[in-house]
>>> print(open('query.txt').read())   # compact mmCIF, C-alpha atoms
# COMPACT_ATOMS: atom_id res chain seq x y z
CA ARG A 107 2.72 -32.59 -19.12
CA THR A 108 1.26 -29.63 -17.32
CA LEU A 109 2.97 -27.80 -14.47
CA LEU A 110 0.21 -28.87 -12.08
CA GLY A 111 0.64 -32.46 -13.21
CA VAL A 112 4.38 -32.37 -12.54
CA LEU A 113 3.74 -30.77 -9.14
CA ASP A 114 1.14 -33.40 -8.26
CA THR A 115 3.59 -36.19 -9.09
CA ALA A 116 6.35 -34.56 -7.07
CA VAL A 117 4.13 -34.16 -4.00
CA ARG A 118 2.87 -37.76 -4.18
CA THR A 119 6.43 -39.04 -4.54
CA ALA A 120 7.70 -36.91 -1.66
CA MET A 121 4.96 -38.17 0.66
CA LYS A 122 6.32 -41.70 0.25
CA HIS A 123 9.77 -40.61 1.46
CA PRO A 124 9.24 -38.28 4.43
CA ILE A 125 12.18 -36.75 6.30
CA PRO A 126 11.71 -36.12 10.02
CA VAL A 127 12.08 -32.54 11.26
CA SER A 128 13.23 -31.96 14.84
CA HIS A 129 13.97 -28.22 14.82
CA ILE A 130 12.93 -25.02 13.10
CA GLY A 131 15.43 -22.22 12.47
CA LEU A 132 14.56 -18.51 12.32
CA GLY A 133 16.92 -15.81 11.07
CA SER A 134 16.81 -12.41 9.41
CA ALA A 135 19.24 -9.78 8.12
CA GLU A 136 19.27 -6.57 6.12
CA VAL A 137 19.88 -6.66 2.39
CA HIS A 138 21.88 -3.66 1.21
CA GLN A 139 21.45 -1.72 -2.03
CA VAL A 140 18.80 -3.85 -3.69
CA ALA A 141 15.27 -2.67 -2.83
CA SER A 142 13.86 0.82 -3.40
CA ASN A 143 10.34 2.20 -3.55
CA ARG A 144 9.21 2.68 -7.13
CA ARG A 145 6.68 5.45 -6.34
CA ILE A 146 8.18 8.93 -6.06
CA LEU A 147 5.83 11.73 -4.97
CA ASP A 148 6.08 15.24 -6.39
CA ALA A 149 5.62 18.53 -4.50
CA ASN A 150 1.84 18.05 -4.62
CA GLY A 151 2.02 14.58 -3.09
CA LYS A 152 1.22 12.82 -6.36
CA ALA A 153 3.04 9.72 -7.66
CA THR A 154 4.17 11.27 -10.93
CA ILE A 155 7.55 9.52 -11.15
CA THR A 156 7.95 5.75 -11.37
CA ARG A 157 11.25 4.01 -10.67
CA TYR A 158 10.95 0.83 -12.70
CA SER A 159 13.00 -2.32 -12.07
CA GLY A 160 15.51 -1.10 -14.63
CA THR A 161 15.80 2.69 -14.43
CA ALA A 162 18.17 4.26 -16.96
CA ASP A 163 17.65 7.87 -15.84
CA PRO A 164 20.30 8.71 -13.20
CA GLU A 165 18.18 11.56 -11.77
CA ILE A 166 15.36 9.14 -10.96
CA ARG A 167 17.80 6.60 -9.51
CA ALA A 168 19.19 9.36 -7.27
CA TYR A 169 15.98 9.76 -5.27
CA PRO A 170 16.05 8.21 -1.75
CA GLU A 171 15.20 4.54 -1.28
CA GLY A 172 11.81 5.42 0.18
CA LEU A 173 9.66 3.00 2.18
CA ILE A 174 10.97 -0.59 1.97
CA ASP A 175 11.39 -3.62 4.19
CA PRO A 176 15.17 -4.13 4.11
CA GLU A 177 15.06 -7.54 5.79
CA VAL A 178 15.27 -10.96 4.23
CA SER A 179 13.66 -13.58 6.46
CA LEU A 180 14.76 -17.23 6.58
CA ILE A 181 12.79 -20.14 8.00
CA SER A 182 14.72 -23.41 7.99
CA PHE A 183 13.81 -26.99 8.89
CA TRP A 184 16.31 -29.34 10.52
CA ASN A 185 16.67 -33.05 11.20
CA GLU A 186 18.76 -32.56 14.35
CA ASP A 187 21.97 -30.93 13.01
CA LYS A 188 21.24 -31.51 9.31
CA PRO A 189 19.36 -28.78 7.37
CA VAL A 190 16.45 -30.15 5.35
CA ALA A 191 14.94 -27.05 3.73
CA VAL A 192 15.30 -23.27 3.78
CA LEU A 193 12.50 -20.83 2.93
CA SER A 194 13.52 -17.23 2.22
CA TYR A 195 11.28 -14.14 1.97
CA TYR A 196 12.22 -10.73 0.55
CA ALA A 197 10.07 -7.90 -0.83
CA VAL A 198 11.15 -6.62 -4.26
CA HIS A 199 10.03 -6.97 -7.86
CA PRO A 200 12.23 -9.96 -8.87
CA GLN A 201 13.48 -8.31 -12.06
CA SER A 202 16.68 -6.75 -13.38
CA TYR A 203 16.13 -6.93 -17.16
CA TYR A 204 13.14 -8.70 -18.64
CA ARG A 205 10.80 -9.41 -21.56
CA THR A 206 13.53 -11.40 -23.25
CA GLY A 207 11.21 -14.18 -24.38
CA THR A 208 12.99 -16.69 -22.12
CA ALA A 209 11.72 -17.73 -18.69
CA ASN A 210 14.30 -17.29 -15.95
CA PRO A 211 14.37 -16.69 -12.16
CA ASP A 212 16.34 -13.42 -12.48
CA PHE A 213 18.52 -12.21 -9.61
CA PRO A 214 16.52 -13.75 -6.70
CA GLY A 215 16.81 -17.13 -8.41
CA ILE A 216 20.55 -16.71 -8.82
CA ALA A 217 20.85 -15.71 -5.16
CA ARG A 218 18.88 -18.80 -4.17
CA PHE A 219 21.16 -20.94 -6.32
CA LEU A 220 24.28 -19.45 -4.72
CA ARG A 221 22.91 -20.31 -1.30
CA GLN A 222 22.07 -23.81 -2.53
CA LEU A 223 25.74 -24.25 -3.41
CA GLU A 224 26.78 -23.04 0.06
CA VAL A 225 24.27 -25.27 1.89
CA PRO A 226 23.80 -28.19 -0.52
CA ASP A 227 22.05 -30.58 1.87
CA ALA A 228 18.93 -28.40 2.10
CA LEU A 229 16.28 -27.58 -0.47
CA HIS A 230 16.17 -23.78 -0.90
CA ILE A 231 12.87 -22.11 -1.85
CA HIS A 232 12.47 -18.35 -2.28
CA PHE A 233 9.25 -16.33 -1.94
CA ASN A 234 8.65 -12.77 -3.06
CA GLY A 235 7.20 -10.66 -0.27
CA ALA A 236 4.87 -7.68 -0.48
CA GLY A 237 6.84 -6.00 -3.23
CA GLY A 238 4.11 -4.37 -5.31
CA ASP A 239 5.70 -0.93 -4.95
CA ILE A 240 9.30 -2.14 -4.53
CA THR A 241 11.91 -2.51 -7.29
CA ALA A 242 15.68 -2.57 -7.62
CA GLY A 243 15.42 0.59 -9.74
CA LYS A 244 17.58 2.81 -7.56
CA TYR A 245 20.47 0.36 -7.90
CA ASN A 246 19.79 -0.95 -11.39
CA ASP A 247 20.12 0.90 -14.69
CA GLY A 248 18.92 -2.15 -16.61
CA SER A 249 22.34 -3.31 -17.76
CA LYS A 250 22.72 -7.07 -17.92
CA GLU A 251 25.81 -7.02 -15.69
CA ASN A 252 23.68 -5.75 -12.80
CA ARG A 253 21.79 -9.03 -12.54
CA GLY A 254 24.85 -10.69 -10.99
CA VAL A 255 25.53 -7.68 -8.75
CA LEU A 256 22.00 -7.71 -7.32
CA ALA A 257 22.09 -11.50 -6.92
CA ASN A 258 25.28 -11.33 -4.88
CA ARG A 259 23.88 -8.59 -2.65
CA LEU A 260 20.71 -10.59 -1.95
CA ALA A 261 22.75 -13.76 -1.40
CA ALA A 262 24.93 -11.87 1.10
CA GLY A 263 21.81 -10.93 3.06
CA MET A 264 20.59 -14.53 2.93
CA LYS A 265 23.94 -15.75 4.25
CA GLU A 266 23.86 -13.28 7.14
CA ALA A 267 20.30 -14.36 7.98
CA TRP A 268 21.49 -17.98 7.87
CA ASP A 269 24.38 -17.15 10.19
CA ASN A 270 21.94 -15.38 12.53
CA THR A 271 19.56 -18.34 12.63
CA GLU A 272 18.35 -19.58 16.01
CA LYS A 273 17.07 -23.14 16.20
CA HIS A 274 14.07 -24.20 18.25
CA ARG A 275 12.71 -27.65 19.03
CA PHE A 276 9.79 -28.38 16.70
CA LEU A 277 6.77 -30.55 17.58
CA PRO A 278 3.60 -31.51 15.67
CA ALA A 279 1.57 -29.27 17.99
CA ASP A 280 3.63 -26.29 16.78
CA ILE A 281 2.07 -26.49 13.29
CA GLY A 282 -1.19 -24.77 12.39
CA TRP A 283 -2.93 -23.67 9.21
CA LEU A 284 -5.56 -20.93 9.15
CA THR A 285 -7.52 -19.55 6.21
CA GLU A 286 -10.10 -16.83 5.83
CA PRO A 287 -12.08 -16.00 2.67
CA ILE A 288 -12.18 -12.33 1.74
CA GLU A 289 -14.53 -10.51 -0.62
CA LEU A 290 -12.47 -7.78 -2.24
CA PRO A 291 -14.01 -4.50 -3.46
CA ILE A 292 -13.65 -4.60 -7.25
CA SER A 293 -12.66 -1.46 -9.15
CA PRO A 294 -15.21 -0.05 -11.63
CA TYR A 295 -12.59 -0.41 -14.37
CA ALA A 296 -12.36 -4.17 -13.81
CA ILE A 297 -16.15 -4.53 -13.86
CA GLN A 298 -16.52 -2.90 -17.29
CA LEU A 299 -13.34 -4.52 -18.62
CA GLU A 300 -15.26 -7.08 -20.66
CA ASN A 301 -16.42 -4.31 -23.00
CA GLU A 302 -12.80 -3.32 -23.67
CA LEU A 303 -11.12 -6.67 -24.36
CA ALA A 304 -11.85 -6.86 -28.09
CA LYS A 305 -10.15 -3.49 -28.65
CA HIS A 306 -6.71 -4.51 -27.42
CA ASP A 307 -3.79 -6.83 -28.18
CA ALA A 308 -2.58 -9.98 -26.43
CA ILE A 309 -0.27 -8.12 -24.04
CA TYR A 310 -3.17 -6.00 -22.80
CA LEU A 311 -5.30 -9.10 -22.34
CA ALA A 312 -2.56 -10.90 -20.40
CA ASN A 313 -2.20 -7.90 -18.09
CA ASN A 314 -5.89 -7.32 -17.44
CA VAL A 315 -8.24 -10.24 -17.98
CA TYR A 316 -7.53 -11.76 -14.55
CA LYS A 317 -9.24 -8.77 -12.88
CA LEU A 318 -12.42 -9.57 -14.78
CA VAL A 319 -12.07 -13.22 -13.73
CA LEU A 320 -11.88 -12.16 -10.07
CA TYR A 321 -15.04 -10.07 -10.43
CA LYS A 322 -16.96 -12.97 -12.00
CA ARG A 323 -15.67 -15.47 -9.43
CA GLN A 324 -16.86 -13.27 -6.59
CA ILE A 325 -20.31 -12.94 -8.15
CA GLN A 326 -20.50 -16.74 -7.84
CA GLY A 327 -19.47 -16.57 -4.18
CA LYS A 328 -15.93 -17.84 -4.83
CA TYR A 329 -13.54 -15.76 -2.74
CA ILE A 330 -9.77 -15.68 -2.42
CA GLN A 331 -8.48 -17.27 0.76
CA LEU A 332 -5.96 -15.38 2.86
CA SER A 333 -3.90 -17.88 4.83
CA CYS A 334 -1.44 -18.07 7.70
CA LEU A 335 0.91 -20.95 8.43
CA LYS A 336 1.92 -21.32 12.07
CA LEU A 337 5.36 -22.86 12.64
CA GLY A 338 6.19 -22.55 16.32
CA LYS A 339 7.20 -18.92 16.89
CA ALA A 340 6.93 -18.17 13.17
CA ARG A 341 3.94 -17.07 11.13
CA ILE A 342 3.87 -17.03 7.34
CA LEU A 343 1.12 -14.90 5.81
CA HIS A 344 0.08 -15.47 2.19
CA LEU A 345 -1.54 -12.53 0.35
CA PRO A 346 -2.95 -12.32 -3.18
CA GLY A 347 -2.01 -9.97 -5.99
CA GLU A 348 0.91 -7.56 -5.78
CA PRO A 349 0.50 -6.09 -2.28
CA PHE A 350 2.41 -2.95 -1.35
CA VAL A 351 5.19 -3.30 1.22
CA ALA A 352 3.04 -1.41 3.75
CA PHE A 353 1.05 -4.63 4.28
CA GLN A 354 4.22 -6.55 5.13
CA LEU A 355 5.41 -3.88 7.56
CA ALA A 356 1.94 -3.78 9.14
CA ALA A 357 1.96 -7.55 9.63
CA LYS A 358 5.25 -7.41 11.50
CA LYS A 359 3.93 -4.62 13.74
CA MET A 360 0.80 -6.63 14.53
CA ARG A 361 2.84 -9.40 16.17
CA PRO A 362 6.27 -8.06 17.18
CA ASP A 363 6.54 -11.00 19.58
CA LEU A 364 6.61 -13.45 16.67
CA PHE A 365 8.79 -14.07 13.63
CA VAL A 366 6.50 -12.92 10.80
CA ALA A 367 7.24 -13.55 7.12
CA LEU A 368 4.98 -12.73 4.19
CA ALA A 369 4.58 -14.03 0.66
CA GLY A 370 2.64 -12.11 -1.96
CA TYR A 371 1.38 -13.13 -5.43
CA GLY A 372 -0.62 -16.10 -4.06
CA ASP A 373 -3.54 -15.44 -6.43
CA TYR A 374 -2.66 -12.75 -8.94
CA ALA A 375 -6.26 -11.90 -9.87
CA PRO A 376 -6.50 -8.58 -7.93
CA GLY A 377 -3.38 -7.11 -9.54
CA TYR A 378 -1.83 -4.36 -7.43
CA ILE A 379 -3.22 -3.90 -3.91
CA ALA A 380 -2.26 -0.61 -2.31
CA PRO A 381 -2.98 1.24 0.94
CA ALA A 382 -6.00 3.55 0.67
CA LYS A 383 -3.93 6.76 0.55
CA ALA A 384 -2.01 5.52 -2.49
CA TYR A 385 -5.20 5.61 -4.58
CA ASP A 386 -5.39 9.36 -3.93
CA GLU A 387 -1.73 9.76 -4.85
CA GLY A 388 -2.29 8.24 -8.29
CA GLY A 389 0.45 6.47 -10.21
CA TYR A 390 0.67 3.38 -12.38
CA GLU A 391 -0.11 0.81 -9.68
CA THR A 392 -3.39 2.36 -8.49
CA GLY A 393 -4.85 2.99 -11.93
CA PRO A 394 -6.18 0.22 -14.20
CA ALA A 395 -3.34 -2.02 -12.97
CA SER A 396 -5.24 -2.45 -9.70
CA GLY A 397 -8.36 -4.58 -9.78
CA VAL A 398 -9.58 -3.37 -6.38
CA THR A 399 -10.49 -0.07 -4.71
CA ALA A 400 -9.02 1.81 -1.75
CA ASP A 401 -11.44 -0.05 0.54
CA ALA A 402 -9.37 -3.22 0.09
CA GLU A 403 -6.79 -2.05 2.64
CA GLY A 404 -9.13 -2.10 5.63
CA LYS A 405 -10.56 -5.50 4.71
CA ILE A 406 -7.15 -7.10 4.23
CA LEU A 407 -5.65 -5.64 7.41
CA THR A 408 -8.62 -6.91 9.42
CA VAL A 409 -8.20 -10.46 8.12
CA MET A 410 -4.41 -10.34 8.56
CA GLU A 411 -4.80 -9.34 12.20
CA LYS A 412 -7.37 -12.09 12.79
CA LEU A 413 -5.11 -14.75 11.28
CA LEU A 414 -2.06 -13.57 13.21
CA ASN A 415 -3.89 -13.56 16.53
CA GLU A 416 -5.87 -16.81 16.35
>>> encode(input="query.txt", output="structure tokens")
Amino acid sequence: RTLLGVLDTAVRTAMKHPIPVSHIGLGSAEVHQVASNRRILDANGKATITRYSGTADPEIRAYPEGLIDPEVSLISFWNEDKPVAVLSYYAVHPQSYYRTGTANPDFPGIARFLRQLEVPDALHIHFNGAGGDITAGKYNDGSKENRGVLANRLAAGMKEAWDNTEKHRFLPADIGWLTEPIELPISPYAIQLENELAKHDAIYLANNVYKLVLYKRQIQGKYIQLSCLKLGKARILHLPGEPFVAFQLAAKKMRPDLFVALAGYGDYAPGYIAPAKAYDEGGYETGPASGVTADAEGKILTVMEKLLNE
């Protein structure tokens, strides 16, 4: 059975047993000592130091947090006074230690599970925000014990956001779904990637071939859809790839009158997507790991603003 097959069955089954929703809940809170920016600029303004998800070097961990979005955002659905589902959004690479050969949800998944235990009547679903340049590296030396520490800190933020939740009456007219196709500017590296594939191992292929797929899809006129889900006073933006946190912060500034949440990684094909200035700064994320050019920022911000204002 494939994952898509299991998902299809679950959706079809769920549609036969709908649960009415009368209210939507919106809440947010700061998460402390989890997220930090992974890109550290030197005296020349170049990203020469990378703070990975697990950073053993104490000197690198000692640098300031840098640009992050400290908030976790919760959107909950209610059948009168009974919670039905809770969606949470937080921007950070969801990793503490990794490449173990075993699939696991790492510390965000543990945090979600802890909240599930606290509010068992609701289905809890967690989304990673625009965390392309955000890791737990400042607060994580890679030791296995830190997974539980980070999970408890994120869960504490989720609980505070839950306690801060304000409920609003929810009607069918409050729901809207908008999409906009976007043609992304492909990096020259991704375009010539096909000539390089035979020279590398499976890990390299897994980390790069999707950029070539994006290039070939766009040649055929098949573009990634950016989307925005309207839920009353809330808006949920869905971006592809690993977008930098600057996109998430920009989205919130575009509509400060609304409750804006953002999920990244919707279609991983572009790889890292950074603001234009980051491509001049260099660093891991804006090299071959990015399948697009600096011109992607302007295109994405334009579509984001259109979706948030329609």
>>> closest_residue(input="query.txt", among="A:Ala209, A:Val137, A:Val409, A:Val192", to="Val178 (chain A)", atoms="all atoms listed in the file")
A:Val137
>>> closest_residue(input="query.txt", among="A:Ala162, A:Ala236, A:Lys339, A:Asn270", to="Ala380 (chain A)", atoms="all atoms listed in the file")
A:Ala236
>>> atom_distance(input="query.txt", atom1="CA of Ala352 (chain A)", atom2="CA of Tyr245 (chain A)")
21.0 Å
>>> closest_residue(input="query.txt", among="A:Asn415, A:Ala168, A:Ile379, A:Tyr195", to="Ser293 (chain A)", atoms="all atoms listed in the file")
A:Ile379
>>> residues_around(input="query.txt", residues="Glu403 (chain A)", least_positions_apart="6", cutoff="12 Å", atoms="all atoms listed in the file", output="tab-separated table (two decimals) with C-alpha atoms, in the coordinates of the input")
chain	number	residue	atom	x	y	z
A	288	ILE	CA	-12.18	-12.33	1.74
A	289	GLU	CA	-14.53	-10.51	-0.62
A	290	LEU	CA	-12.47	-7.78	-2.24
A	291	PRO	CA	-14.01	-4.50	-3.46
A	345	LEU	CA	-1.54	-12.53	0.35
A	349	PRO	CA	0.50	-6.09	-2.28
A	350	PHE	CA	2.41	-2.95	-1.35
A	352	ALA	CA	3.04	-1.41	3.75
A	353	PHE	CA	1.05	-4.63	4.28
A	356	ALA	CA	1.94	-3.78	9.14
A	378	TYR	CA	-1.83	-4.36	-7.43
A	379	ILE	CA	-3.22	-3.90	-3.91
A	380	ALA	CA	-2.26	-0.61	-2.31
A	381	PRO	CA	-2.98	1.24	0.94
A	382	ALA	CA	-6.00	3.55	0.67
A	383	LYS	CA	-3.93	6.76	0.55
A	384	ALA	CA	-2.01	5.52	-2.49
A	385	TYR	CA	-5.20	5.61	-4.58
A	409	VAL	CA	-8.20	-10.46	8.12
A	410	MET	CA	-4.41	-10.34	8.56
>>> residues_around(input="query.txt", residues="Leu335 (chain A)", least_positions_apart="2", cutoff="10 Å", atoms="all atoms listed in the file", output="ChimeraX atom specification")
/A:281-285,333,337-338,340-344,367,413-414
>>> residues_around(input="query.txt", residues="Pro376 (chain A)", least_positions_apart="4", cutoff="6 Å", atoms="all atoms listed in the file", output="NGL selection string")
:A and (317 or 347 or 397)
>>> residues_around(input="query.txt", residues="Pro170 (chain A)", least_positions_apart="3", cutoff="10 Å", atoms="all atoms listed in the file", output="PDB file with C-alpha atoms, in the coordinates of the input")
ATOM      1  CA  SER A 142      13.860   0.820  -3.400  1.00  0.00           C
ATOM      2  CA  ASN A 143      10.340   2.200  -3.550  1.00  0.00           C
ATOM      3  CA  ILE A 146       8.180   8.930  -6.060  1.00  0.00           C
ATOM      4  CA  ILE A 166      15.360   9.140 -10.960  1.00  0.00           C
ATOM      5  CA  ARG A 167      17.800   6.600  -9.510  1.00  0.00           C
ATOM      6  CA  LEU A 173       9.660   3.000   2.180  1.00  0.00           C
ATOM      7  CA  LYS A 244      17.580   2.810  -7.560  1.00  0.00           C
TER       8      LYS A 244
END
>>> closest_residue(input="query.txt", among="A:Arg275, A:Arg145, A:Lys412, A:Arg253", to="Gly389 (chain A)", atoms="all atoms listed in the file")
A:Arg145
>>> closest_residue(input="query.txt", among="A:Leu229, A:Leu256, A:Leu193, A:Ala242", to="Thr156 (chain A)", atoms="all atoms listed in the file")
A:Ala242
>>> closest_residue(input="query.txt", among="A:Gly404, A:Gly388, A:Pro214, A:Pro278", to="Gly151 (chain A)", atoms="all atoms listed in the file")
A:Gly388
>>> atom_distance(input="query.txt", atom1="CA of Ala369 (chain A)", atom2="CA of Lys336 (chain A)")
13.8 Å
>>> axis_aligned_box(input="query.txt", around="region 343-362 of chain A", padding_each_side="8 Å", output="AutoDock Vina command-line options")
--center_x 1.7 --center_y -8.4 --center_z 5.6 --size_x 25.2 --size_y 30.1 --size_z 39.2
>>> atom_distance(input="query.txt", atom1="CA of Ile297 (chain A)", atom2="CA of Gln331 (chain A)")
20.9 Å
>>> residues_around(input="query.txt", residues="Pro394 (chain A)", least_positions_apart="5", cutoff="9 Å", atoms="all atoms listed in the file", output="compact mmCIF listing (two decimals) with C-alpha atoms, in the coordinates of the input")
# COMPACT_ATOMS: atom_id res chain seq x y z
CA SER A 293 -12.66 -1.46 -9.15
CA TYR A 295 -12.59 -0.41 -14.37
CA ALA A 296 -12.36 -4.17 -13.81
CA ASN A 314 -5.89 -7.32 -17.44
>>> decode(input="query.txt", residues="region 209-218 of chain A", atoms="all heavy atoms", output="compact mmCIF listing (two decimals), in the first residue's frame")
# COMPACT_ATOMS: atom_id res chain seq x y z
N ALA A 209 12.74 6.38 10.35
CA ALA A 209 11.86 7.54 10.23
C ALA A 209 11.24 7.88 11.58
O ALA A 209 10.82 6.99 12.33
CB ALA A 209 10.76 7.26 9.21
N ASN A 210 11.24 9.15 11.92
CA ASN A 210 10.63 9.58 13.18
C ASN A 210 10.26 11.06 13.06
O ASN A 210 10.82 11.79 12.23
CB ASN A 210 11.58 9.35 14.36
CG ASN A 210 12.78 10.25 14.32
OD1 ASN A 210 12.73 11.38 14.78
ND2 ASN A 210 13.89 9.76 13.74
N PRO A 211 9.34 11.56 13.90
CA PRO A 211 8.89 12.95 13.80
C PRO A 211 9.76 13.93 14.58
O PRO A 211 9.45 15.12 14.62
CB PRO A 211 7.48 12.90 14.39
CG PRO A 211 7.57 11.83 15.43
CD PRO A 211 8.52 10.80 14.87
N ASP A 212 10.82 13.46 15.22
CA ASP A 212 11.75 14.28 15.99
C ASP A 212 11.00 15.14 17.01
O ASP A 212 9.89 14.82 17.40
CB ASP A 212 12.62 15.12 15.07
CG ASP A 212 14.04 15.31 15.60
OD1 ASP A 212 14.18 15.93 16.67
OD2 ASP A 212 14.99 14.83 14.97
N PHE A 213 11.63 16.23 17.47
CA PHE A 213 11.05 16.94 18.62
C PHE A 213 9.72 17.62 18.34
O PHE A 213 8.87 17.68 19.23
CB PHE A 213 12.07 17.91 19.23
CG PHE A 213 12.36 19.15 18.42
CD1 PHE A 213 11.60 20.30 18.58
CD2 PHE A 213 13.42 19.18 17.53
CE1 PHE A 213 11.88 21.45 17.86
CE2 PHE A 213 13.71 20.33 16.80
CZ PHE A 213 12.94 21.46 16.97
N PRO A 214 9.43 18.13 17.11
CA PRO A 214 8.09 18.68 16.89
C PRO A 214 7.00 17.61 17.00
O PRO A 214 5.90 17.88 17.49
CB PRO A 214 8.16 19.27 15.48
CG PRO A 214 9.60 19.53 15.26
CD PRO A 214 10.31 18.41 15.95
N GLY A 215 7.32 16.39 16.55
CA GLY A 215 6.35 15.31 16.67
C GLY A 215 6.09 14.91 18.10
O GLY A 215 4.96 14.59 18.48
N ILE A 216 7.14 14.93 18.92
CA ILE A 216 6.96 14.63 20.34
C ILE A 216 6.13 15.72 21.00
O ILE A 216 5.23 15.44 21.81
CB ILE A 216 8.33 14.49 21.04
CG1 ILE A 216 9.11 13.32 20.44
CG2 ILE A 216 8.15 14.30 22.54
CD1 ILE A 216 10.54 13.22 20.94
N ALA A 217 6.41 16.98 20.65
CA ALA A 217 5.62 18.10 21.20
C ALA A 217 4.16 17.96 20.82
O ALA A 217 3.26 18.17 21.65
CB ALA A 217 6.19 19.42 20.72
N ARG A 218 3.92 17.61 19.57
CA ARG A 218 2.53 17.41 19.12
C ARG A 218 1.88 16.29 19.92
O ARG A 218 0.71 16.39 20.34
CB ARG A 218 2.52 17.07 17.63
CG ARG A 218 1.13 16.99 17.01
CD ARG A 218 1.07 15.97 15.90
NE ARG A 218 1.34 14.63 16.40
CZ ARG A 218 0.43 13.86 17.00
NH1 ARG A 218 -0.81 14.29 17.19
NH2 ARG A 218 0.74 12.65 17.43
